[in-house]
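Visitor: Please read through the structure below; I'll follow up with questions.
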Amino acid sequence: PTFCGQPLVLDPGELEGVDVAVVGAPFDDGTSNRPGARFGPRAIRAWDDEGRHGRPHLRSGVDPFSVLDVVDHGDAEPAPGDLNRSHEQLAAVLRGVLAAGAMPLVLGGDHSLSLPTLRVLAERFGPDGYAVVHFDTHADTGAELYGVRISHGTPFRVAAEEGALLGANIVQIGLRGTWPGPEDFAWMREQGFRWHTMDEIDERGLDPIISDALAHAAARAPRVYLSVDIDVLDPAYAPGTGTPEPGGLTTRELRAALRRVGREVELCAADVVEVCPPFDPTGITALAGERAALDILTGMAMRRGA
């Protein structure tokens with residue numbers, strides 16, 4: 001199946017006039033704990049089995065597919081066992097999507113895919129031409145993970161050290177647990193990273209934090225890359241992920257937040273990552289991933305005045 005039954009357009013030369021191109025990134029060689037996110041794109045796409053595409057969102061009344069021209073651009077070809085080559089293949093696809101004037105919506109796959117995304121965005125817009133809003137349990141700013149420089153735990157650190165990402169241009173939401181450690185957070189402060197933990201969300205509420213994050217992102221750059229790690233959800237709502245951590249957002253909270261992001265800032269790229277179907281026989285994690293992607297599109301459609 002294609003994402004939400006949308007047309008399959010594999011030739012980048014046929015993306016002219018398309019608003020959003022959905023791209024699968026079926027690799028998980030950057031995973032440090034439970035593997036299986038390579039099956040995420042397939043599982044997310046499969047949740048259209050009841051023909052939900054074309055049904056407006058109940059509260060907003062917006063059907064994103066009647067407002068946006070959305071196509072499924074297939075998968076970036078993975079290179080199992082060679083994460084760098086998988087990154088290069090994804091980067092090539094993203095360049096083609098952006099060159100056509102479309103926005104890539106990437107279905108992961110592990111979160112290391114943010115590194116090629118950040119590199120390509122810096123190529124196209126300059127490091128100061130985009131900001132990042134990042135929903136995640138983990139900051140993904142490790143200097144290394146088990147001695148490995150490039151993995152799903154390091155993309156934002158590597159991109160910042162390469163110069164593709166300006167530290168002051170990223171806001172992270174939902175951090176909790178015990179990783180990364182104090183040294184990594186000290187490095188993040190030096191770089192100008194901003195983050196909001198689940199403890200802060202409990203104290204202040206999610207809406208004010210989203211307002212702060214969007215205001216900061218909009219002040220830093222004219223466009224935003226939205227990255228959503230499904231493990232920002234509590235494992236009660238998303239058990240099928242590689243590194244679950246108790247105490248996260250509910251699916252309802254995340255969906256509303258993503259519609260706000262899509263509505264209030266101009267997105268240049270987005271992704272939903274770390275859906276790991278082998279650890280969720282119920283399929284609710286893939287369903288949450290599909291709904292997250294739909295809510296991003298719904299927010300974008302609302303921004304157009306729908």
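Here's how to read the names in the structure tokens: chain A, B, ... by the order shown, residue numbers from 1 in each chain, ligand numbers from 1 in the order shown.
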When you look at Pro155 in chain A with a cut-off of 12 Å (counting only C-alpha atoms), what residues show up, excluding the ones that are within fewer than 5 positions of it in the same chain? I need them as a PyMOL selection string.

Guide: chain A and resi 30-31+87+110-119+134+138-145+148-150+160-162+164-165+227

Visitor: So that I can check the surroundings of Gly192 in chain A, please list as JSON, numbers by chain every protein, DNA and RNA residue that reaches within 7 Å of it, counting only C-alpha atoms and ignoring chain neighbours fewer than 4 positions away.

Guide: {"A": [167, 168, 188]}

Visitor: Please measure the separation of CA of Asp212 in chain A and CA of Ala131 in chain A, giving the value in Å to one decimal.

Guide: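 Those two atoms sit 13.6 Å apart.
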
Visitor: Given only C-alpha atoms as the basis, pick out the residue of A:Ala122, A:Leu249, A:Ala100, A:Ala269 nearest to Gly174 in chain A.

Guide: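 Comparing A:Ala122, A:Leu249, A:Ala100, A:Ala269 against Gly174 in chain A, the winner is A:Leu249.
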
Visitor: So which residues touch Thr298 in chain A within 12 Å, counting only C-alpha atoms, skipping near sequence neighbours fewer than 5 positions away, as a ChimeraX atom specification?

Guide: /A:20,53-68,70,255-264,291-293,303-306

Visitor: Convert the current residue selection to file output with N, CA and C atoms, as a short mmCIF file (atom, residue, chain, number, x, y, z; two decimals), in the first residue's frame.

Guide:
```
data_model
loop_
_atom_site.label_atom_id
_atom_site.label_comp_id
_atom_site.auth_asym_id
_atom_site.auth_seq_id
_atom_site.Cartn_x
_atom_site.Cartn_y
_atom_site.Cartn_z
N VAL A 20 3.70 17.66 -0.99
CA VAL A 20 4.37 16.77 -0.04
C VAL A 20 4.66 15.44 -0.70
N HIS A 53 -8.28 7.43 4.11
CA HIS A 53 -7.88 8.61 3.37
C HIS A 53 -9.13 9.29 2.81
N GLY A 54 -9.10 10.61 2.85
CA GLY A 54 -10.24 11.37 2.36
C GLY A 54 -11.24 11.74 3.43
N ARG A 55 -11.07 11.19 4.64
CA ARG A 55 -11.98 11.53 5.72
C ARG A 55 -11.46 12.75 6.47
N PRO A 56 -12.23 13.81 6.59
CA PRO A 56 -11.73 14.99 7.30
C PRO A 56 -11.48 14.71 8.77
N HIS A 57 -10.53 15.45 9.34
CA HIS A 57 -10.30 15.41 10.77
C HIS A 57 -11.56 15.87 11.48
N LEU A 58 -11.96 15.15 12.53
CA LEU A 58 -13.27 15.36 13.14
C LEU A 58 -13.45 16.77 13.69
N ARG A 59 -12.43 17.28 14.40
CA ARG A 59 -12.59 18.60 15.02
C ARG A 59 -12.37 19.74 14.03
N SER A 60 -11.31 19.65 13.24
CA SER A 60 -10.99 20.75 12.34
C SER A 60 -11.86 20.73 11.08
N GLY A 61 -12.38 19.57 10.73
CA GLY A 61 -13.14 19.45 9.50
C GLY A 61 -12.29 19.49 8.25
N VAL A 62 -10.97 19.36 8.42
CA VAL A 62 -10.04 19.50 7.30
C VAL A 62 -9.60 18.12 6.80
N ASP A 63 -9.74 17.91 5.52
CA ASP A 63 -9.17 16.75 4.85
C ASP A 63 -7.89 17.22 4.16
N PRO A 64 -6.72 16.85 4.68
CA PRO A 64 -5.48 17.39 4.11
C PRO A 64 -5.29 17.05 2.64
N PHE A 65 -5.86 15.93 2.21
CA PHE A 65 -5.65 15.50 0.83
C PHE A 65 -6.53 16.26 -0.16
N SER A 66 -7.50 17.01 0.35
CA SER A 66 -8.27 17.87 -0.54
C SER A 66 -7.63 19.25 -0.67
N VAL A 67 -6.65 19.53 0.19
CA VAL A 67 -5.97 20.84 0.19
C VAL A 67 -4.56 20.71 -0.37
N LEU A 68 -3.86 19.66 0.02
CA LEU A 68 -2.47 19.45 -0.38
C LEU A 68 -2.38 18.35 -1.44
N VAL A 70 -0.47 15.43 -2.20
CA VAL A 70 0.43 14.52 -1.48
C VAL A 70 0.60 13.25 -2.30
N ARG A 255 -0.70 14.38 19.05
CA ARG A 255 -1.42 14.69 17.81
C ARG A 255 -1.83 16.16 17.78
N ALA A 256 -2.35 16.66 18.87
CA ALA A 256 -2.75 18.07 18.91
C ALA A 256 -1.54 18.98 18.73
N ALA A 257 -0.42 18.61 19.34
CA ALA A 257 0.80 19.42 19.22
C ALA A 257 1.29 19.46 17.78
N LEU A 258 1.22 18.33 17.09
CA LEU A 258 1.71 18.29 15.71
C LEU A 258 0.82 19.10 14.78
N ARG A 259 -0.47 19.10 15.03
CA ARG A 259 -1.34 19.95 14.22
C ARG A 259 -0.99 21.42 14.43
N ARG A 260 -0.68 21.80 15.67
CA ARG A 260 -0.27 23.18 15.94
C ARG A 260 1.00 23.53 15.18
N VAL A 261 1.98 22.65 15.23
CA VAL A 261 3.25 22.94 14.55
C VAL A 261 3.01 23.12 13.05
N GLY A 262 2.27 22.20 12.46
CA GLY A 262 2.01 22.31 11.03
C GLY A 262 1.22 23.55 10.65
N ARG A 263 0.39 24.01 11.57
CA ARG A 263 -0.45 25.18 11.30
C ARG A 263 0.29 26.49 11.50
N GLU A 264 1.20 26.55 12.47
CA GLU A 264 1.75 27.83 12.91
C GLU A 264 3.12 28.17 12.34
N ARG A 291 -1.04 8.31 12.30
CA ARG A 291 -1.83 9.46 12.72
C ARG A 291 -0.95 10.69 12.93
N ALA A 292 0.27 10.48 13.45
CA ALA A 292 1.19 11.62 13.61
C ALA A 292 1.47 12.26 12.26
N ALA A 293 1.75 11.44 11.24
CA ALA A 293 2.00 11.97 9.91
C ALA A 293 0.77 12.69 9.37
N ARG A 303 -2.94 25.63 7.78
CA ARG A 303 -2.13 26.84 7.57
C ARG A 303 -2.49 27.52 6.25
N ARG A 304 -2.93 26.75 5.30
CA ARG A 304 -3.32 27.29 4.01
C ARG A 304 -4.73 27.91 4.03
N GLY A 305 -5.31 27.92 5.22
CA GLY A 305 -6.62 28.55 5.35
C GLY A 305 -7.78 27.61 5.16
N ALA A 306 -7.49 26.30 5.16
CA ALA A 306 -8.58 25.34 4.98
C ALA A 306 -9.47 25.30 6.23
#
```

Visitor: Have a look at CA of Asp207 in chain A and CA of Arg252 in chain A and let me know their distance in Å, one decimal.

Guide: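 For CA of Asp207 in chain A relative to CA of Arg252 in chain A, the distance reads 12.6 Å.
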
Visitor: As a PyMOL selection string, please: the residues near range 194-204 of chain A (cut-off 12 Å, only C-alpha atoms, same-chain neighbours under 3 positions excluded).

Guide: chain A and resi 131-141+166-178+185-191+207-214+216-217+232-234+245-250+253

Visitor: Just to be explicit: take each residue in the selection above, keep N, CA and C atoms, and write the result as a compact mmCIF listing (two decimals), in the first residue's frame.

Guide:
```
# COMPACT_ATOMS: atom_id res chain seq x y z
N ALA A 131 15.08 26.09 11.17
CA ALA A 131 15.12 25.72 12.59
C ALA A 131 14.56 24.31 12.72
N VAL A 132 14.71 23.74 13.90
CA VAL A 132 14.27 22.37 14.15
C VAL A 132 13.37 22.34 15.38
N VAL A 133 12.23 21.68 15.26
CA VAL A 133 11.39 21.34 16.40
C VAL A 133 11.39 19.82 16.49
N HIS A 134 11.84 19.31 17.63
CA HIS A 134 12.19 17.89 17.77
C HIS A 134 11.45 17.30 18.98
N PHE A 135 10.54 16.37 18.72
CA PHE A 135 9.83 15.65 19.78
C PHE A 135 10.53 14.32 20.01
N ASP A 136 10.94 14.07 21.27
CA ASP A 136 11.72 12.85 21.52
C ASP A 136 11.86 12.63 23.02
N THR A 137 12.05 11.38 23.40
CA THR A 137 12.48 11.06 24.75
C THR A 137 13.94 11.46 24.96
N HIS A 138 14.74 11.27 23.92
CA HIS A 138 16.18 11.44 24.02
C HIS A 138 16.64 12.63 23.19
N ALA A 139 17.69 13.29 23.64
CA ALA A 139 18.20 14.46 22.93
C ALA A 139 18.94 14.09 21.65
N ASP A 140 19.45 12.84 21.57
CA ASP A 140 20.19 12.37 20.40
C ASP A 140 21.38 13.28 20.09
N THR A 141 22.07 13.66 21.17
CA THR A 141 23.24 14.54 21.05
C THR A 141 24.49 13.90 21.66
N LEU A 166 22.72 24.80 13.40
CA LEU A 166 23.05 25.79 14.42
C LEU A 166 22.38 25.39 15.72
N GLY A 167 23.18 25.27 16.79
CA GLY A 167 22.62 24.82 18.06
C GLY A 167 21.48 25.68 18.56
N ALA A 168 21.57 26.99 18.33
CA ALA A 168 20.52 27.90 18.81
C ALA A 168 19.24 27.78 18.00
N ASN A 169 19.25 26.97 16.94
CA ASN A 169 18.08 26.84 16.07
C ASN A 169 17.25 25.60 16.34
N ILE A 170 17.54 24.87 17.41
CA ILE A 170 16.79 23.64 17.68
C ILE A 170 16.11 23.72 19.04
N VAL A 171 14.87 23.24 19.09
CA VAL A 171 14.12 23.12 20.34
C VAL A 171 13.64 21.68 20.45
N GLN A 172 13.91 21.05 21.59
CA GLN A 172 13.55 19.66 21.82
C GLN A 172 12.47 19.57 22.90
N ILE A 173 11.49 18.69 22.68
CA ILE A 173 10.32 18.61 23.55
C ILE A 173 10.08 17.16 23.96
N GLY A 174 9.94 16.95 25.28
CA GLY A 174 9.57 15.63 25.80
C GLY A 174 10.70 14.83 26.40
N LEU A 175 11.88 15.43 26.60
CA LEU A 175 13.03 14.69 27.08
C LEU A 175 12.78 14.13 28.49
N ARG A 176 13.25 12.92 28.70
CA ARG A 176 13.08 12.27 30.01
C ARG A 176 14.04 11.09 30.10
N GLY A 177 14.07 10.45 31.26
CA GLY A 177 14.92 9.28 31.44
C GLY A 177 16.29 9.64 31.96
N THR A 178 17.28 8.82 31.63
CA THR A 178 18.62 8.97 32.22
C THR A 178 19.72 9.16 31.18
N PHE A 185 24.63 17.38 28.12
CA PHE A 185 23.78 18.55 28.33
C PHE A 185 24.63 19.82 28.47
N ALA A 186 25.80 19.69 29.06
CA ALA A 186 26.69 20.85 29.14
C ALA A 186 27.11 21.30 27.75
N TRP A 187 27.41 20.34 26.88
CA TRP A 187 27.75 20.67 25.50
C TRP A 187 26.56 21.34 24.81
N MET A 188 25.35 20.83 25.04
CA MET A 188 24.15 21.41 24.43
C MET A 188 23.97 22.87 24.87
N ARG A 189 24.21 23.15 26.14
CA ARG A 189 24.09 24.54 26.62
C ARG A 189 25.10 25.44 25.92
N GLU A 190 26.30 24.95 25.76
CA GLU A 190 27.34 25.75 25.08
C GLU A 190 26.94 26.06 23.64
N GLN A 191 26.23 25.14 23.01
CA GLN A 191 25.83 25.31 21.61
C GLN A 191 24.55 26.12 21.45
N ASP A 207 0.74 23.01 26.15
CA ASP A 207 0.43 24.12 25.24
C ASP A 207 1.38 25.31 25.40
N PRO A 208 1.66 25.79 26.62
CA PRO A 208 2.61 26.91 26.74
C PRO A 208 4.01 26.57 26.23
N ILE A 209 4.39 25.33 26.39
CA ILE A 209 5.72 24.92 25.92
C ILE A 209 5.76 24.89 24.40
N ILE A 210 4.70 24.39 23.77
CA ILE A 210 4.64 24.43 22.31
C ILE A 210 4.68 25.87 21.82
N SER A 211 3.97 26.76 22.52
CA SER A 211 3.99 28.18 22.14
C SER A 211 5.40 28.74 22.21
N ASP A 212 6.11 28.45 23.28
CA ASP A 212 7.50 28.92 23.43
C ASP A 212 8.39 28.36 22.32
N ALA A 213 8.24 27.06 22.05
CA ALA A 213 9.08 26.42 21.05
C ALA A 213 8.85 27.00 19.66
N LEU A 214 7.59 27.21 19.31
CA LEU A 214 7.29 27.73 17.98
C LEU A 214 7.72 29.19 17.84
N HIS A 216 10.24 30.58 19.36
CA HIS A 216 11.70 30.59 19.21
C HIS A 216 12.11 30.14 17.81
N ALA A 217 11.49 29.06 17.31
CA ALA A 217 11.84 28.56 15.99
C ALA A 217 11.55 29.62 14.92
N VAL A 232 8.67 9.50 22.01
CA VAL A 232 8.22 10.61 22.86
C VAL A 232 6.90 10.24 23.54
N LEU A 233 6.18 9.29 22.96
CA LEU A 233 4.96 8.78 23.58
C LEU A 233 5.31 7.84 24.72
N ASP A 234 4.45 7.80 25.72
CA ASP A 234 4.58 6.80 26.77
C ASP A 234 4.47 5.40 26.15
N GLU A 245 10.72 4.49 27.04
CA GLU A 245 10.99 5.13 28.33
C GLU A 245 9.66 5.53 28.96
N PRO A 246 9.34 5.05 30.16
CA PRO A 246 8.06 5.39 30.78
C PRO A 246 7.94 6.89 31.05
N GLY A 247 6.69 7.35 31.11
CA GLY A 247 6.42 8.72 31.52
C GLY A 247 6.30 9.72 30.40
N GLY A 248 5.90 9.29 29.22
CA GLY A 248 5.86 10.19 28.07
C GLY A 248 4.50 10.79 27.79
N LEU A 249 4.41 11.43 26.63
CA LEU A 249 3.16 12.05 26.19
C LEU A 249 2.12 10.98 25.87
N THR A 250 0.86 11.39 25.88
CA THR A 250 -0.20 10.54 25.34
C THR A 250 -0.29 10.78 23.84
N GLU A 253 -2.14 14.03 23.17
CA GLU A 253 -1.33 15.25 23.35
C GLU A 253 -0.42 15.48 22.15
```

Visitor: Can you list, as an MDAnalysis selection string, all residues belonging to range 141-260 of chain A that DSSP tags as strand (DSSP E or B)?

Guide: chainID A and resid 145 148 170:175 194:197 224:229 233 249

Visitor: Store the residues picked out above, limited to C-alpha atoms, as a PDB file, in the first residue's frame.

Guide:
```pdb
ATOM      1  CA  LEU A 145      27.148   5.591  21.382  1.00  0.00           C
ATOM      2  CA  VAL A 148      30.131   4.623  17.356  1.00  0.00           C
ATOM      3  CA  ILE A 170      16.793  23.643  17.685  1.00  0.00           C
ATOM      4  CA  VAL A 171      14.115  23.120  20.341  1.00  0.00           C
ATOM      5  CA  GLN A 172      13.545  19.660  21.819  1.00  0.00           C
ATOM      6  CA  ILE A 173      10.322  18.608  23.546  1.00  0.00           C
ATOM      7  CA  GLY A 174       9.570  15.633  25.796  1.00  0.00           C
ATOM      8  CA  LEU A 175      13.034  14.687  27.085  1.00  0.00           C
ATOM      9  CA  ARG A 194      16.869  24.596  23.958  1.00  0.00           C
ATOM     10  CA  TRP A 195      14.890  21.731  25.459  1.00  0.00           C
ATOM     11  CA  HIS A 196      11.765  21.060  27.498  1.00  0.00           C
ATOM     12  CA  THR A 197      11.626  17.968  29.694  1.00  0.00           C
ATOM     13  CA  VAL A 224      11.156  24.518  10.261  1.00  0.00           C
ATOM     14  CA  TYR A 225      12.191  20.880  10.113  1.00  0.00           C
ATOM     15  CA  LEU A 226       9.865  18.842  12.348  1.00  0.00           C
ATOM     16  CA  SER A 227      11.266  15.558  13.660  1.00  0.00           C
ATOM     17  CA  VAL A 228       9.075  13.170  15.659  1.00  0.00           C
ATOM     18  CA  ASP A 229      10.523  10.148  17.432  1.00  0.00           C
ATOM     19  CA  LEU A 233       4.963   8.782  23.583  1.00  0.00           C
ATOM     20  CA  LEU A 249       3.161  12.046  26.190  1.00  0.00           C
TER      21      LEU A 249
END
```

Visitor: From a backbone DSSP assignment, name each residue in range 86-246 of chain A labelled helix (DSSP H, G or I), as JSON, numbers by chain.

Guide: {"A": [86, 87, 88, 89, 90, 91, 92, 93, 94, 95, 96, 97, 98, 99, 111, 112, 113, 114, 115, 116, 117, 118, 119, 120, 121, 122, 123, 124, 125, 155, 156, 157, 158, 159, 160, 161, 162, 167, 168, 169, 182, 183, 184, 185, 186, 187, 188, 189, 190, 191, 198, 199, 200, 201, 202, 203, 204, 206, 207, 208, 209, 210, 211, 212, 213, 214, 215, 216, 217, 218, 219, 220, 230, 231, 232]}
